[in-house]
Each structure stands twice: as structure tokens, then as C-alpha cells.
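Since the structure comes first, as C-alpha cells, the remarks are kept for the end.
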Amino acid sequence: PRRDPVRLLAFEALRAVDERDAYANLVLPPLLARARRSEGLDDRDAALATELVYGTLRRQGTYDAVIGACADRPLREIDPPVLDVLSLGAHQLLGTRIPRHAAVSSAVELARVALGNGPAGFVNAVLRRISERDFEAWIDHLAPSGDRDAEEYLALRYAHPRWVVSALWDALEPGGDRTDREGIEKLLAADNQRPEVTLVARPGRAEPGELLVDGALPGHWSPHAVRLTEGGDPGALPAVREGRAGVQDEGSQLVAAALAATPLEGADARWLDGCAGPGGKAALLAAIAAGRGASLLAVERRPHRARLVAGALEGSPGDHLTVAADTTRPAWRPASFDRVLVDVPCTGLGALRRRPEARWRRRPEDLERFAPLQRALLREALRAARPGGVVAYATCSPHPAETRAVVEDVLAGAGTGPAGAPAAEWIDARPSMPGVPHLGDGPDVQLWPHLHGTDAMYLALLRRLP
């Protein structure tokens, strides 16, 4: 059998994601680097391998449905490595422009090399059945009509679990009317697009202009952002290698910059990032704080992530400190900080473009698992802020249970004794994101991939009352 290094690499990445619960964005770069050295992969090969991995993972649920309709046994009885080869073949047939015969033959050859002749025959039979229809024909064949069951139709067409489709639709239309079918389809389609690599030029350390090379463009909204529209390796830029710039989604930049831009009366000398890992927002805040003569304390509970934060802050000017600690059990006195950010752990439904496998791993019960921690972090953030200080509650999820519901619950319980947070009031976050359109009615802000080209970051700004 012919050994195809591109498809073998893609298969190896899918096995790592399945067997080790790894993330493709962490697994793929070292595999590509190794293949460049050992197999002589060029940029075109690397781009194909990347598309095969990310595309297969994004549409895994849809491809499972198609494979299930073509196999002579239930999916649960197909060995996972065989299912990965079938999924790669299905993506080549239904999600790329690779000719049908080449898609089938390359998948069969991959099966022979990686799994043996027996599985190869099964792969050949299933993929030939899949090749009888194109993607649109399979959707017409398998999905209910959009009028009869809109959620199931959208789930299959755009490869999102049904509960995620429902949650995103609720977030887009909080009133529950669900009249904007075009909006939810654009959002789901945006989740299936690979995002541009966005850089941040950290103020006082780098200028966006020095990052504008090889077709790069300024960011859409953040004054610190540069988009690498032609791809390329960010690490090849001197400013990135030296830590003066970094890779950071524009939505994350906007959240950090909004906290720094919010008007504040009185002292503005001590800032806190209470959930700092892996360090992107902390590095931007530290740079802005240094320009104002303020200090930043960056806190991350997990030691290995705290080390990432320290690395991101290395070389930053001004007064900053990274500690491995738990913000829900603060080691500082109450009312110690003028500005506080908590970018809380969440389901990550706002970053499905970057972590395509996450949509299939998350479950509705994860919302209940994160809820107590999210509320505890916001309460402690309000306690950490001085009266008149500003608190930013952020999360990379648009799910209503992780966004406004958390803030409303904490504010409803404020001032109710030792367990409650200090009293606080909403601040309209929209003026702190000047020039950014489609920010809704406020006071909080939800960013969207299809409207802003960012991750679906949520931001609420609060001011602690005296």
C-alpha cells in the first residue's frame, strides 16, 4: 500500500484527540513540525493536513450520521480507529474539492497502512456508498425539514449538537421568539470557519505597524490588533518571539481594553486579573497598566497555567506579579483593587471555531458544574474591588446560563450578609468598546463570530457601591 504522510498525520492527530482527549490546536503543530523534518512536508501539505483534521472534527456529528446510514453495523460497533479513517474519507468526499475517486482510494490506502487489509475492505464499501450523494443530498436525505424541526435540521446541516443549537439561538434572541433564522444560520456557519490568526501589539512594547507584514491587516475593532490574513507563522515575527506581541483573539483584546477604558473616580493604582491563565489578557492589562503607573496582580489557580502567565508577562514593563492561588480563597484583603477582571472558566461555546472538538465533548450538565464557580469568582471579584472600583465579568460563552444569569444572581444576593457579594451596579459596557457595532441594548455586551469576527466573548462591567 502507498504511504501518504499527509493523511497519516491527519489520522494520528484524530487518534490523539479521541484517545487522550487532546485538543487539535495543541496536537497538530508538533506533528506538523515533525513531519516537515522527517517527511519533507511543504506548506501546501501542511495546509491540507490541517484542513483534514479541523474539517473532520468540526463536522464529526454530521459525518457520523452519514456513516451510520451507509455502514452495515451500528456506529458503536465500529472500532474507533476505523471510524476515524471513515470520517477522514467522508470529509474528503463531502467537505472538500478532492475528486471522489481520489478521496475513496486515499482513505482505503490509509486504512491498509494503518489498520490492515480487513478494515480497508470495510472502509472501501462504506465510502463508496457515501460517494453516491454530495453533502446537500445527504442533508436532504437525513435531516427533517427546517419547518418541521428547525433545531434538528440546523444541528445536522451545521454539525452542532442540538442542545448547543438551542442555547445559541436563545442567546441570539433572548426573548425566545426565534424569528431570526438567518442570524442563527450565519452564527453556526461562522463556527465552522477557521478563524484568522490575530496578533496583539502590547502597548509600550510594540506598535501594530511592525506586525503589518506579508498581507497582514489591522484588526477590525481593537487598536492593538493585527490580522494575519495570509496565514504564516506568528513566531517568525521578532515582536512575537520577544514577547512584545502575542497571538490573541480580538474579542479577548476588547474585553481587557474595555476594563482599562472604563471611567474610574479616585485611585487607579492596583489592578487584579483573578483568572489569568494562560496570560493573554494579563499581558495586555499589564502593558496598559504600566503606561498609567499602575500595578497588576495576575492570579491563576493551576500551577502549570500560572507558569504560562508568568511567561506571557516576562519582560513587561512596570510593576506586576504572577501567583498560583485560588481567587475564591483570596490571599489579599477585601477592597484592595481599583480594577478587577475575572474571565471565568466556562463551557467554551464561544470558541468553537478554534476548538472544533469541544462541541462534541460538552454536555448540558457542564453548565451546572461551572455555575457555582462562576458565581463564587464574581462575588470574590466584587469583594476585591474597592468601593467605586470596577469589576469585569467575562466568559468565552454566549450561553445565557453562563452570562447574564450569573451576574443577575450575584447582584440579587448582594448585601445579604457574609455569603453575599458587596452591593454593585451595572455599568454600560458599550461605551468602553468604541466603534464596535451590534452590541445590543446593554448594559452588558455579547460579541459574535458572525457579526464581529471574534470569539463569542461576553462582558459585564460592574461598579462596587460604597
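How things are named: the first chain in the C-alpha cells is A, the next is B, and so on; residues count from 1 in each chain; ligands count from 1 in the order shown.
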
Close residues, Val200 of chain A itself excluded, 8 Å, only C-alpha atoms, min 5 positions apart in chain, as a VMD selection string: chain A and resid 208 224 to 226 245 to 248 250 253

Close residues, segment 108-122 of chain A itself excluded, 7 Å, only C-alpha atoms, min 6 positions apart in chain, as a list in words: Pro1, Arg2, Arg3, Arg7, Leu8, Val82 and Val85 of chain A

Near-Ala298 of chain A list (10 Å; only C-alpha atoms; drop same-chain fewer than 6 positions) as JSON, numbers by chain: {"A": [271, 272, 273, 274, 275, 276, 277, 279, 281, 282, 283, 285, 286, 306, 309, 310, 313, 320, 321, 322, 323, 324, 325, 341]}

Residues near Lys186 of chain A, cut-off 9 Å, only C-alpha atoms, skip fewer than 5 positions along chain, as a PyMOL selection string: chain A and resi 181+191+449-451

Restrict the selected residues to N, CA and C atoms and save them as a PDB file, in the first residue's frame.
ATOM      1  N   ARG A 181     -34.104  33.345  11.682  1.00  0.00           N
ATOM      2  CA  ARG A 181     -33.491  32.115  11.188  1.00  0.00           C
ATOM      3  C   ARG A 181     -32.158  32.410  10.491  1.00  0.00           C
ATOM      4  N   ASP A 191     -19.099  29.395  13.001  1.00  0.00           N
ATOM      5  CA  ASP A 191     -18.414  28.445  13.882  1.00  0.00           C
ATOM      6  C   ASP A 191     -17.635  27.402  13.096  1.00  0.00           C
ATOM      7  N   PRO A 449     -19.036  35.624  16.466  1.00  0.00           N
ATOM      8  CA  PRO A 449     -18.187  35.346  15.303  1.00  0.00           C
ATOM      9  C   PRO A 449     -18.756  35.895  14.000  1.00  0.00           C
ATOM     10  N   HIS A 450     -20.063  35.783  13.786  1.00  0.00           N
ATOM     11  CA  HIS A 450     -20.640  36.176  12.501  1.00  0.00           C
ATOM     12  C   HIS A 450     -20.862  37.681  12.393  1.00  0.00           C
ATOM     13  N   LEU A 451     -20.866  38.387  13.516  1.00  0.00           N
ATOM     14  CA  LEU A 451     -21.059  39.841  13.490  1.00  0.00           C
ATOM     15  C   LEU A 451     -19.755  40.612  13.669  1.00  0.00           C
TER      16      LEU A 451
END

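Minimum atom-to-atom distances from A:Glu152, A:Glu357, A:Asp441, A:Glu368 to Arg59 of chain A were compared using only C-alpha atoms, and the lowest value belongs to A:Glu357.
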
Straight-line distance linking atom CA of Leu447 of chain A with atom CA of Pro278 of chain A, stated in Å to one decimal: 20.7 Å

Segment 124-354 of chain A: residues DSSP assigns to alpha helix (DSSP H), reported as number ranges by chain: A: 124-130, 135-142, 150-158, 162-172, 181-191, 238-241, 250-261, 280-292, 303-313

Could you dump the residues just selected with C-alpha atoms as a CSV table (one decimal), in the first residue's frame?
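The new file selection-v2.csv reads:
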chain,number,residue,atom,x,y,z
A,124,ASN,CA,-14.0,1.0,0.8
A,125,ALA,CA,-17.6,-0.3,0.9
A,126,VAL,CA,-18.8,2.4,3.2
A,127,LEU,CA,-17.1,5.3,1.4
A,128,ARG,CA,-18.4,4.1,-2.0
A,129,ARG,CA,-21.9,4.3,-0.6
A,130,ILE,CA,-21.2,7.8,0.8
A,135,PHE,CA,-23.3,17.0,1.0
A,136,GLU,CA,-26.6,18.7,0.1
A,137,ALA,CA,-28.2,15.5,-1.0
A,138,TRP,CA,-27.2,13.8,2.3
A,139,ILE,CA,-28.7,16.6,4.3
A,140,ASP,CA,-31.9,16.3,2.3
A,141,HIS,CA,-31.9,12.6,2.8
A,142,LEU,CA,-31.2,12.5,6.6
A,150,ALA,CA,-35.7,23.5,12.9
A,151,GLU,CA,-33.2,22.6,15.7
A,152,GLU,CA,-32.6,19.1,14.4
A,153,TYR,CA,-32.2,20.4,10.8
A,154,LEU,CA,-29.7,23.0,11.9
A,155,ALA,CA,-27.8,20.6,14.1
A,156,LEU,CA,-27.3,18.2,11.2
A,157,ARG,CA,-26.6,20.8,8.5
A,158,TYR,CA,-24.1,22.8,10.6
A,162,ARG,CA,-28.8,20.0,19.1
A,163,TRP,CA,-28.6,21.4,22.7
A,164,VAL,CA,-25.9,23.8,21.5
A,165,VAL,CA,-28.0,25.0,18.6
A,166,SER,CA,-30.8,25.6,21.1
A,167,ALA,CA,-28.6,27.5,23.5
A,168,LEU,CA,-27.0,29.7,20.8
A,169,TRP,CA,-30.4,30.5,19.4
A,170,ASP,CA,-31.6,31.5,22.9
A,171,ALA,CA,-28.6,33.7,23.3
A,172,LEU,CA,-29.1,35.4,19.9
A,181,ARG,CA,-33.5,32.1,11.2
A,182,GLU,CA,-30.9,33.9,9.1
A,183,GLY,CA,-29.0,35.0,12.2
A,184,ILE,CA,-28.6,31.6,13.8
A,185,GLU,CA,-27.6,30.0,10.4
A,186,LYS,CA,-24.9,32.7,10.0
A,187,LEU,CA,-23.6,32.1,13.5
A,188,LEU,CA,-23.5,28.3,13.1
A,189,ALA,CA,-21.8,28.7,9.7
A,190,ALA,CA,-19.2,31.1,11.2
A,191,ASP,CA,-18.4,28.4,13.9
A,238,PRO,CA,10.6,39.3,16.1
A,239,ALA,CA,8.0,41.1,18.2
A,240,VAL,CA,6.2,37.8,18.9
A,241,ARG,CA,9.4,35.9,19.6
A,250,GLU,CA,-9.6,40.3,19.0
A,251,GLY,CA,-12.6,39.6,21.4
A,252,SER,CA,-10.2,38.9,24.3
A,253,GLN,CA,-8.3,42.1,23.5
A,254,LEU,CA,-11.6,44.1,23.6
A,255,VAL,CA,-12.6,42.7,27.0
A,256,ALA,CA,-9.3,43.6,28.6
A,257,ALA,CA,-9.2,47.0,26.9
A,258,ALA,CA,-12.8,47.7,27.9
A,259,LEU,CA,-12.0,47.2,31.6
A,260,ALA,CA,-9.0,49.6,31.3
A,261,ALA,CA,-11.1,52.2,29.4
A,280,GLY,CA,-3.1,36.9,27.1
A,281,LYS,CA,-5.4,39.3,28.8
A,282,ALA,CA,-3.0,39.7,31.7
A,283,ALA,CA,-0.1,40.7,29.4
A,284,LEU,CA,-2.3,43.3,27.7
A,285,LEU,CA,-3.5,44.7,31.0
A,286,ALA,CA,0.0,44.8,32.4
A,287,ALA,CA,1.1,46.8,29.4
A,288,ILE,CA,-1.8,49.3,29.7
A,289,ALA,CA,-1.3,49.5,33.5
A,290,ALA,CA,2.4,50.2,33.2
A,291,GLY,CA,1.6,53.2,30.9
A,292,ARG,CA,-0.5,54.6,33.7
A,303,PRO,CA,0.4,26.0,38.7
A,304,HIS,CA,1.2,25.0,35.1
A,305,ARG,CA,-1.1,27.7,33.8
A,306,ALA,CA,0.4,30.2,36.3
A,307,ARG,CA,3.8,29.4,34.7
A,308,LEU,CA,2.3,30.3,31.3
A,309,VAL,CA,1.0,33.6,32.7
A,310,ALA,CA,4.4,34.4,34.1
A,311,GLY,CA,6.0,33.6,30.7
A,312,ALA,CA,3.5,36.0,29.0
A,313,LEU,CA,4.3,38.7,31.4

Contacts of Ile427 of chain A at 12 Å (only C-alpha atoms; same-chain gap of 6+ positions) as a list in words: Ala258, Leu259, Thr262, Pro263, Leu264, Gly388, Gly389, Val390, Val391, Ala392, Tyr393, Gly442, Pro443, Asp444, Val445, Leu459, Ala460, Leu461, Leu462, Arg463, Arg464 and Leu465 of chain A

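Checking A:Arg205, A:Leu9, A:Gly55, A:Ala424 one by one against Arg36 of chain A, counting only C-alpha atoms, you find the shortest gap at A:Leu9.
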
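Using only C-alpha atoms, the nearest neighbour of Arg58 of chain A within the list A:Ala90, A:Val27, A:Met433, A:Ala358 is A:Ala358.
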
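Here atom CA of Leu88 of chain A stands at a distance of 5.9 Å from atom CA of Thr56 of chain A.
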
Filtered DSSP result for segment 243-346 of chain A, state strand (DSSP E or B), as a ChimeraX atom specification: /A:245-247,270-273,295-300,319-324,337-343

Export N, CA, C and O atoms of the chosen residues as a short mmCIF file (atom, residue, chain, number, x, y, z; two decimals), in the first residue's frame?
data_model
loop_
_atom_site.label_atom_id
_atom_site.label_comp_id
_atom_site.auth_asym_id
_atom_site.auth_seq_id
_atom_site.Cartn_x
_atom_site.Cartn_y
_atom_site.Cartn_z
N ALA A 245 4.67 41.19 21.47
CA ALA A 245 3.38 40.95 20.84
C ALA A 245 3.04 39.49 21.05
O ALA A 245 3.89 38.68 21.43
N GLY A 246 1.79 39.13 20.81
CA GLY A 246 1.38 37.75 21.01
C GLY A 246 0.17 37.43 20.18
O GLY A 246 -0.43 38.30 19.53
N VAL A 247 -0.21 36.16 20.16
CA VAL A 247 -1.42 35.71 19.49
C VAL A 247 -2.57 35.85 20.47
O VAL A 247 -2.53 35.32 21.58
N ARG A 270 -4.02 49.88 41.45
CA ARG A 270 -3.86 48.44 41.66
C ARG A 270 -4.92 47.70 40.86
O ARG A 270 -6.12 47.91 41.04
N TRP A 271 -4.45 46.81 40.01
CA TRP A 271 -5.34 46.02 39.15
C TRP A 271 -5.15 44.54 39.46
O TRP A 271 -4.06 44.10 39.84
N LEU A 272 -6.23 43.77 39.27
CA LEU A 272 -6.21 42.33 39.54
C LEU A 272 -6.81 41.58 38.36
O LEU A 272 -7.90 41.92 37.90
N ASP A 273 -6.09 40.57 37.88
CA ASP A 273 -6.65 39.59 36.96
C ASP A 273 -6.78 38.29 37.75
O ASP A 273 -5.80 37.62 38.04
N SER A 295 -0.11 48.91 38.93
CA SER A 295 0.46 47.57 39.05
C SER A 295 -0.62 46.53 38.77
O SER A 295 -1.81 46.80 38.90
N LEU A 296 -0.17 45.33 38.39
CA LEU A 296 -1.10 44.24 38.11
C LEU A 296 -0.69 43.01 38.90
O LEU A 296 0.47 42.60 38.89
N LEU A 297 -1.68 42.42 39.59
CA LEU A 297 -1.51 41.10 40.20
C LEU A 297 -2.27 40.10 39.34
O LEU A 297 -3.49 40.21 39.17
N ALA A 298 -1.56 39.14 38.78
CA ALA A 298 -2.15 38.10 37.93
C ALA A 298 -2.22 36.80 38.72
O ALA A 298 -1.19 36.30 39.18
N VAL A 299 -3.42 36.26 38.87
CA VAL A 299 -3.65 35.09 39.72
C VAL A 299 -4.19 33.95 38.87
O VAL A 299 -5.14 34.14 38.09
N GLU A 300 -3.62 32.78 39.01
CA GLU A 300 -4.10 31.58 38.32
C GLU A 300 -3.99 30.40 39.27
O GLU A 300 -2.95 30.18 39.89
N ASP A 319 5.10 47.37 37.20
CA ASP A 319 5.03 46.55 38.41
C ASP A 319 3.96 45.48 38.21
O ASP A 319 2.78 45.79 38.10
N HIS A 320 4.37 44.23 38.15
CA HIS A 320 3.41 43.14 38.00
C HIS A 320 3.93 41.89 38.71
O HIS A 320 5.14 41.71 38.88
N LEU A 321 3.00 41.04 39.12
CA LEU A 321 3.35 39.83 39.85
C LEU A 321 2.38 38.74 39.47
O LEU A 321 1.17 38.97 39.37
N THR A 322 2.89 37.53 39.24
CA THR A 322 2.06 36.36 38.96
C THR A 322 2.15 35.41 40.13
O THR A 322 3.24 35.09 40.60
N VAL A 323 0.99 34.95 40.62
CA VAL A 323 0.97 33.99 41.71
C VAL A 323 0.02 32.85 41.37
O VAL A 323 -0.98 33.04 40.67
N ALA A 324 0.36 31.65 41.84
CA ALA A 324 -0.54 30.50 41.74
C ALA A 324 -1.40 30.49 43.00
O ALA A 324 -0.92 30.19 44.09
N PHE A 337 -8.34 46.52 45.36
CA PHE A 337 -8.02 46.79 43.96
C PHE A 337 -8.99 47.80 43.36
O PHE A 337 -10.16 47.88 43.73
N ASP A 338 -8.46 48.54 42.39
CA ASP A 338 -9.26 49.55 41.70
C ASP A 338 -9.97 48.97 40.46
O ASP A 338 -11.08 49.39 40.14
N ARG A 339 -9.31 48.03 39.81
CA ARG A 339 -9.91 47.35 38.64
C ARG A 339 -9.67 45.85 38.78
O ARG A 339 -8.55 45.43 39.12
N VAL A 340 -10.72 45.06 38.50
CA VAL A 340 -10.64 43.61 38.67
C VAL A 340 -11.25 42.94 37.45
O VAL A 340 -12.35 43.31 37.00
N LEU A 341 -10.55 41.96 36.92
CA LEU A 341 -11.06 41.13 35.83
C LEU A 341 -11.17 39.69 36.29
O LEU A 341 -10.21 39.15 36.87
N VAL A 342 -12.32 39.05 36.04
CA VAL A 342 -12.44 37.60 36.18
C VAL A 342 -13.01 37.06 34.86
O VAL A 342 -14.16 37.26 34.55
N ASP A 343 -12.15 36.43 34.09
CA ASP A 343 -12.54 35.73 32.87
C ASP A 343 -12.74 34.28 33.27
O ASP A 343 -11.81 33.48 33.28
#

Spatial neighbours of Leu217 of chain A, max dist 9 Å, only C-alpha atoms, sep filter under 5 positions, as a ChimeraX atom specification: /A:211-212,225-229

Written file, previous selection with N, CA, C and O atoms, as a short mmCIF file (atom, residue, chain, number, x, y, z; two decimals), in the first residue's frame:
data_model
loop_
_atom_site.label_atom_id
_atom_site.label_comp_id
_atom_site.auth_asym_id
_atom_site.auth_seq_id
_atom_site.Cartn_x
_atom_site.Cartn_y
_atom_site.Cartn_z
N LEU A 211 3.90 44.79 12.84
CA LEU A 211 3.35 43.46 12.59
C LEU A 211 2.66 43.38 11.24
O LEU A 211 2.22 42.30 10.83
N LEU A 212 2.55 44.50 10.53
CA LEU A 212 1.84 44.54 9.25
C LEU A 212 2.77 44.11 8.12
O LEU A 212 3.28 44.92 7.35
N ALA A 225 -4.76 45.29 17.52
CA ALA A 225 -4.85 44.03 16.79
C ALA A 225 -4.30 44.12 15.38
O ALA A 225 -4.41 45.15 14.71
N VAL A 226 -3.75 43.00 14.92
CA VAL A 226 -3.31 42.81 13.54
C VAL A 226 -3.74 41.41 13.12
O VAL A 226 -3.53 40.45 13.85
N ARG A 227 -4.35 41.32 11.93
CA ARG A 227 -4.84 40.04 11.42
C ARG A 227 -3.88 39.48 10.37
O ARG A 227 -3.55 40.17 9.40
N LEU A 228 -3.46 38.24 10.56
CA LEU A 228 -2.58 37.59 9.59
C LEU A 228 -3.46 36.91 8.54
O LEU A 228 -3.73 35.71 8.59
N THR A 229 -3.92 37.69 7.57
CA THR A 229 -4.88 37.19 6.59
C THR A 229 -4.29 36.13 5.67
O THR A 229 -5.03 35.33 5.09
#

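Take atom CA of His101 of chain A and atom CA of Asp64 of chain A: the distance between them is 20.9 Å.
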